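Trainee: Got a structure for you, questions after.
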Amino acid sequence: MLTGLLQRYLRVDLSTASGRALVEERYWSLRRQVPIIYLLGLVNLSAMEVAAGRPLVLGFNLPSFILACGALRVCQWFGRGSGKDCSHATMALRMSQTVLFATAVCLAVCARCLYLLQVGDHTSHMAVILFGGLTAIGVAYGLTALAAAGRIPLLLIIVPMSVQAALSHDRQFIGAAFGLVVVALLTMRLLAAHSRDFSNVVRSRSLIADQQKRVERAHREAIVAATTDFLTGLPNRRAFVTALEETIAHCEGGFSLAILDLNRFKAVNDTFGHRIGDKLLAEVAIRLVSAVGPRGMVARLGGDEFGVLLHRCHRRDEVRRLGAEILNGVNGTAVLDGREFIVSASCGLGISRRAAGQSPSRLMAEADLALYQAKDNPGAGAALFEPRMEAPRRRRAEIERALQLPGVTGNLKLVFQPIFDLGTGQIIAHEALARWTDPELGPVSPSEFVPLAEQLNLIDDISRHLMSMAFETARSWPESVRLSFNLSAIQLCSPRSSVEILRALKEAGLNPDRLQVEVTETALLADFARARENLTQLKRAGATIVLDDFGAGFASIGYLRELRFDQIKLDGGLVTAAIHSEEGKRLLRSVIGLCEILGVSSVAEHVESEELLALVLELGCAAAQGFWLEKPMSADEISALYASPSNGRASGYALRAA
């Protein structure tokens, strides 16, 4: 209880960080000063005894008492449990004990000084005042770290001696007492100022240290936030690349990495919403971590793509086996909100080659190429990168570079494939097909350069150039023959696309009813509302609207309700399948029947044999195009065709109709 009262008197607050820091600073300062304080007291009091004419021998006297107290306190301050492992409560206890010991020792010194002032002569009395005052002031300065204890010697030694000296009516004693009192008051003021400054410094240091800790904690949290995927809790792409860089720099042996993405994930998001999609991603993350275990690091790279860094795994058979294990761990069914989903992933694998000095981006690019290979061959499992997979990437990069060179449109040409009316055998339209022969790359097919031109935002310039060429060429054809031109997704969904097409027709002197616009469902998906608006304006002006690639695997029937098409082109795969199986034949018959019900004429693509021609005729297809009927023709070849007596009847079809 007494210790608790003393702790409150010392204003020790262990509940705050600054209070604990203040206790620590006071404790360690006192710990350093304790031996000096007791040594000072022992020397001064021994000198006082000698000056007062008292024998200085060990025994029951004040110096012996001071020596014993000093030895005891040194043992307490420097004994077991008083070092770095000392708790704050123990520190507070030691300081409370300091007040008690200071009080006891000072009372003993005061009693001895008052006794010596009662006996002896004038000279011994002056020595007592001198050495007693020096002892009090010295001890007070030694206890500056604990102002409450520092005031005790001033109050318990100097004040009583000064009172007794003043009562002696001796001018020398009164002068000495006055000086001691003044010095004691100034010392107490200095103690108070020092204690206040000491506390402020410690508190400031504590606040600075606390702020530094907060900054460090915030920095760590920021690093975690910057390197962690918030949805799955996995490391993100930045953390994955950093880990990959460190592995490349320090890994003695080889390693490998895997990149996975989910099959048909977009369909889940679009059908069931992003909440279910997020849950599915979190479930896949759990499965991946479980499948990989301690063998590597799993990260979410973005979207539905995950990366796995596989340590100490670089043999091709081992990498393939581990890739298969990872896929087996991920694939399967998952129940989310009471619905069952089939989880299926594709995996691309890459192996480090230290001798090649691979960079993280290079390694990830190789794994990406393997991933594309795996996605192109569903069911084949994980694909391991092979150098041959780089050829398409290099080809793509070269095409991109060539497309961005000035004057690329100068190498673009058009050929025109005839579309025949199967009832009359006459050509009713020519479909404009782009051809590009690059000086370095050679022939580049539209399936290669058109998607890249769209991604590079170059398709508008290319389409306008080709359209201008096509309109100019078609102007010389017979009035009964239309030009069929394919619109890209960007062109179809541009705000003023229909206006620009009609203006180009007018400038070329070609009537809109001579134009046949072909669009695919893929193009319509980009912005259906804008596409419908453009197609409606073109149809209103007289153009023929054709839905291309019907039956290519998309749900095009929905668009038949939304848009009124004049013609439907049946996908070549649908037509070819009809010759190989009864199921394919029944499907083609059903699609042609659907066109008849809708009042829309059907056009069969890819008629490549007499057998196919006979089949589409049998099933009631209205028109057809294909190499067996006629190959794509240049503008000059078309001019020669219309100059001949056949007047537009295809040679192959003419043989069939004869």
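Simple scheme: letters A, B, ... for chains in structure tokens order, numbers from 1 for residues in each chain, numbers from 1 for ligands in the order shown.
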Write down as a VMD selection string the residues belonging to stretch 203-262 of chain A that are assigned strand (DSSP E or B) by DSSP computed on the backbone.
Mentor: chain A and resid 228 235 256 to 262
Trainee: Find, counting only C-alpha atoms, the residue in A:Cys313, A:Val330, A:Leu280, A:Val546 that gets nearest to A:Ser352.
Mentor: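 Smallest distance to A:Ser352 is found for A:Cys313.
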Trainee: Which residues are close to A:Ser601, i.e. within 10 Å by only C-alpha atoms, leaving aside same-chain residues fewer than 4 positions away? Reply as a list in words.
Mentor: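 Close residues of A:Ser601: Val546, Phe565, Asp566, Gln567, Ile568, Lys569, Ile592, Cys595, Glu596, Ile597, Gly620, Cys621, Ala622 and Ala623 of chain A.
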Trainee: Restricting it to N, CA and C atoms, dump the selection as a PDB file, in the first residue's frame.
Mentor:
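Contents of the output file out-v5.pdb:
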ATOM      1  N   VAL A 546     -26.969  -8.541 -94.476  1.00  0.00           N
ATOM      2  CA  VAL A 546     -26.715  -9.979 -94.440  1.00  0.00           C
ATOM      3  C   VAL A 546     -26.096 -10.348 -93.095  1.00  0.00           C
ATOM      4  N   PHE A 565     -33.048  -9.051 -91.227  1.00  0.00           N
ATOM      5  CA  PHE A 565     -32.012  -9.306 -92.216  1.00  0.00           C
ATOM      6  C   PHE A 565     -32.654  -9.677 -93.553  1.00  0.00           C
ATOM      7  N   ASP A 566     -31.951  -9.326 -94.638  1.00  0.00           N
ATOM      8  CA  ASP A 566     -32.425  -9.677 -95.978  1.00  0.00           C
ATOM      9  C   ASP A 566     -31.891 -11.029 -96.417  1.00  0.00           C
ATOM     10  N   GLN A 567     -30.783 -11.418 -95.827  1.00  0.00           N
ATOM     11  CA  GLN A 567     -30.136 -12.653 -96.262  1.00  0.00           C
ATOM     12  C   GLN A 567     -29.342 -13.217 -95.088  1.00  0.00           C
ATOM     13  N   ILE A 568     -29.232 -14.540 -95.037  1.00  0.00           N
ATOM     14  CA  ILE A 568     -28.444 -15.196 -93.997  1.00  0.00           C
ATOM     15  C   ILE A 568     -27.441 -16.121 -94.658  1.00  0.00           C
ATOM     16  N   LYS A 569     -26.174 -15.911 -94.327  1.00  0.00           N
ATOM     17  CA  LYS A 569     -25.121 -16.764 -94.851  1.00  0.00           C
ATOM     18  C   LYS A 569     -24.868 -17.899 -93.880  1.00  0.00           C
ATOM     19  N   ILE A 592     -32.007 -24.087 -92.897  1.00  0.00           N
ATOM     20  CA  ILE A 592     -32.560 -23.555 -94.153  1.00  0.00           C
ATOM     21  C   ILE A 592     -34.078 -23.388 -94.030  1.00  0.00           C
ATOM     22  N   CYS A 595     -34.844 -20.229 -92.182  1.00  0.00           N
ATOM     23  CA  CYS A 595     -34.716 -19.053 -93.051  1.00  0.00           C
ATOM     24  C   CYS A 595     -35.973 -18.884 -93.914  1.00  0.00           C
ATOM     25  N   GLU A 596     -36.509 -20.002 -94.413  1.00  0.00           N
ATOM     26  CA  GLU A 596     -37.721 -19.932 -95.234  1.00  0.00           C
ATOM     27  C   GLU A 596     -38.900 -19.423 -94.422  1.00  0.00           C
ATOM     28  N   ILE A 597     -38.996 -19.891 -93.161  1.00  0.00           N
ATOM     29  CA  ILE A 597     -40.095 -19.444 -92.299  1.00  0.00           C
ATOM     30  C   ILE A 597     -40.002 -17.947 -92.047  1.00  0.00           C
ATOM     31  N   GLY A 620     -32.730 -26.898-100.591  1.00  0.00           N
ATOM     32  CA  GLY A 620     -33.493 -25.687-100.860  1.00  0.00           C
ATOM     33  C   GLY A 620     -32.767 -24.393-100.584  1.00  0.00           C
ATOM     34  N   CYS A 621     -31.440 -24.420-100.577  1.00  0.00           N
ATOM     35  CA  CYS A 621     -30.685 -23.186-100.340  1.00  0.00           C
ATOM     36  C   CYS A 621     -30.848 -22.270-101.552  1.00  0.00           C
ATOM     37  N   ALA A 622     -30.985 -20.977-101.325  1.00  0.00           N
ATOM     38  CA  ALA A 622     -31.283 -20.038-102.407  1.00  0.00           C
ATOM     39  C   ALA A 622     -30.051 -19.637-103.198  1.00  0.00           C
ATOM     40  N   ALA A 623     -28.906 -19.509-102.518  1.00  0.00           N
ATOM     41  CA  ALA A 623     -27.696 -19.033-103.190  1.00  0.00           C
ATOM     42  C   ALA A 623     -26.489 -19.727-102.571  1.00  0.00           C
TER      43      ALA A 623
END
Trainee: Between A:Pro446, A:Arg475, A:Thr424, A:Ile351, which one has atoms that come closest to A:Ile462, using only C-alpha atoms?
Mentor: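 Selected residue with least distance to A:Ile462: A:Pro446.
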Trainee: Please determine, counting only C-alpha atoms, which residue among A:Ile326, A:Ala635, A:Met95, A:Ala258 has the shortest atom-to-atom distance to A:Ala147.
Mentor: A:Met95
Trainee: How many Å separate atom CA of A:Gln537 from atom CA of A:Arg496?
Mentor: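 Between these atoms lies a distance of 10.5 Å.
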Trainee: Considering only C-alpha atoms, state which residue in the set A:Ala429, A:Ser359, A:Ile342, A:Ala209 is at the smallest distance from A:Pro478.
Mentor: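 Residue with the minimum atom-to-atom distance to A:Pro478: A:Ala429.
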Trainee: Find the residues near A:Val128: any atom within 8 Å, counting only C-alpha atoms, skip ones fewer than 3 places away on the same chain, and give them as an mmCIF file with C-alpha atoms, in the first residue's frame.
Mentor:
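Output file result-v1.cif follows:
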data_model
loop_
_atom_site.group_PDB
_atom_site.id
_atom_site.type_symbol
_atom_site.label_atom_id
_atom_site.label_comp_id
_atom_site.auth_asym_id
_atom_site.auth_seq_id
_atom_site.Cartn_x
_atom_site.Cartn_y
_atom_site.Cartn_z
ATOM 1 C CA MET A 48 32.445 15.786 8.886
ATOM 2 C CA ALA A 51 36.394 17.714 11.368
ATOM 3 C CA ALA A 52 34.097 17.446 14.387
ATOM 4 C CA CYS A 113 24.249 16.828 12.253
ATOM 5 C CA LEU A 116 27.120 17.521 16.440
ATOM 6 C CA LEU A 117 25.859 21.101 16.463
ATOM 7 C CA SER A 124 33.449 21.986 14.498
ATOM 8 C CA HIS A 125 29.991 23.488 14.180
ATOM 9 C CA PHE A 131 29.847 19.118 5.171
ATOM 10 C CA GLY A 132 26.157 18.558 5.976
#
Trainee: Quick one: distance from atom CA of A:Val139 to atom CA of A:Cys106 in Å, one decimal?
Mentor: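 According to the coordinates, atom CA of A:Val139 and atom CA of A:Cys106 are separated by 9.7 Å.
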Trainee: Got a sec to tell me which of stretch 520-611 of chain A DSSP assigns to alpha helix (DSSP H), as JSON, numbers by chain?
Mentor: {"A": [521, 522, 523, 524, 525, 526, 528, 529, 530, 531, 532, 533, 534, 535, 536, 537, 538, 539, 540, 541, 557, 558, 559, 560, 561, 562, 572, 573, 574, 575, 576, 577, 578, 582, 583, 584, 585, 586, 587, 588, 589, 590, 591, 592, 593, 594, 595, 596, 597, 598, 610, 611]}
Trainee: Could you work out how far atom CA of A:Leu155 lies from atom CA of A:Gly175, giving the answer in Å with one decimal?
Mentor: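 Separating atom CA of A:Gly175 from atom CA of A:Leu155 is a distance of 18.4 Å.
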Trainee: Give the answer as one residue: which of A:Ile419, A:Glu562, A:Cys493, A:Leu574 has the shortest atom-to-atom distance to A:Leu629, using only C-alpha atoms?
Mentor: A:Ile419
Trainee: Given only C-alpha atoms as the basis, pick out the residue of A:Gly253, A:Gly133, A:Pro451, A:Gly338 nearest to A:Arg396.
Mentor: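 Ranked by minimum distance to A:Arg396, first place goes to A:Pro451.
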Trainee: Write out as a PyMOL selection string the residues lying within 7 Å of A:Val181, counting only C-alpha atoms and excluding same-chain residues fewer than 3 positions away.
Mentor: chain A and resi 158-159+162+177-178+184-185
Trainee: Since we have the selection now, will you write its residues out, keeping N, CA and C atoms, as a PDB file, in the first residue's frame?
Mentor:
ATOM      1  N   ILE A 158      19.187  20.296   5.252  1.00  0.00           N
ATOM      2  CA  ILE A 158      19.511  21.727   5.269  1.00  0.00           C
ATOM      3  C   ILE A 158      18.531  22.521   6.109  1.00  0.00           C
ATOM      4  N   VAL A 159      17.236  22.253   5.992  1.00  0.00           N
ATOM      5  CA  VAL A 159      16.247  23.060   6.738  1.00  0.00           C
ATOM      6  C   VAL A 159      16.436  22.934   8.255  1.00  0.00           C
ATOM      7  N   SER A 162      19.657  24.711   9.260  1.00  0.00           N
ATOM      8  CA  SER A 162      19.555  26.166   9.129  1.00  0.00           C
ATOM      9  C   SER A 162      18.736  26.756  10.263  1.00  0.00           C
ATOM     10  N   ALA A 177      23.619  29.690   7.502  1.00  0.00           N
ATOM     11  CA  ALA A 177      22.286  29.111   7.359  1.00  0.00           C
ATOM     12  C   ALA A 177      21.518  29.781   6.225  1.00  0.00           C
ATOM     13  N   PHE A 178      21.625  31.115   6.149  1.00  0.00           N
ATOM     14  CA  PHE A 178      20.952  31.843   5.077  1.00  0.00           C
ATOM     15  C   PHE A 178      21.453  31.374   3.708  1.00  0.00           C
ATOM     16  N   ALA A 184      19.528  25.852  -1.205  1.00  0.00           N
ATOM     17  CA  ALA A 184      18.542  24.776  -1.220  1.00  0.00           C
ATOM     18  C   ALA A 184      17.329  25.142  -2.071  1.00  0.00           C
ATOM     19  N   LEU A 185      16.854  26.405  -1.919  1.00  0.00           N
ATOM     20  CA  LEU A 185      15.705  26.840  -2.712  1.00  0.00           C
ATOM     21  C   LEU A 185      16.021  26.840  -4.209  1.00  0.00           C
TER      22      LEU A 185
END
Trainee: Which residues are near A:Leu262? Cut-off 6 Å, only C-alpha atoms, ignore same chain within fewer than 2 positions. Put them as a PDB file with N, CA and C atoms, in the first residue's frame.
Mentor:
ATOM      1  N   PHE A 265     -14.976 -18.689 -67.879  1.00  0.00           N
ATOM      2  CA  PHE A 265     -15.255 -17.899 -66.674  1.00  0.00           C
ATOM      3  C   PHE A 265     -16.152 -16.704 -66.995  1.00  0.00           C
ATOM      4  N   ASP A 304      -9.179 -13.864 -64.224  1.00  0.00           N
ATOM      5  CA  ASP A 304      -9.248 -15.282 -63.844  1.00  0.00           C
ATOM      6  C   ASP A 304      -7.912 -15.977 -64.105  1.00  0.00           C
ATOM      7  N   SER A 344     -13.055 -25.663 -64.565  1.00  0.00           N
ATOM      8  CA  SER A 344     -12.096 -26.210 -65.526  1.00  0.00           C
ATOM      9  C   SER A 344     -11.070 -25.134 -65.841  1.00  0.00           C
ATOM     10  N   ALA A 345      -9.801 -25.520 -65.820  1.00  0.00           N
ATOM     11  CA  ALA A 345      -8.728 -24.556 -66.071  1.00  0.00           C
ATOM     12  C   ALA A 345      -7.801 -25.067 -67.156  1.00  0.00           C
TER      13      ALA A 345
END
Trainee: Show me, as a PyMOL selection string, the residues that have an atom within 8 Å of A:Ala367 when counting only C-alpha atoms, minus same-chain residues fewer than 4 positions from it.
Mentor: chain A and resi 257-259+348-350+363+371+384-385
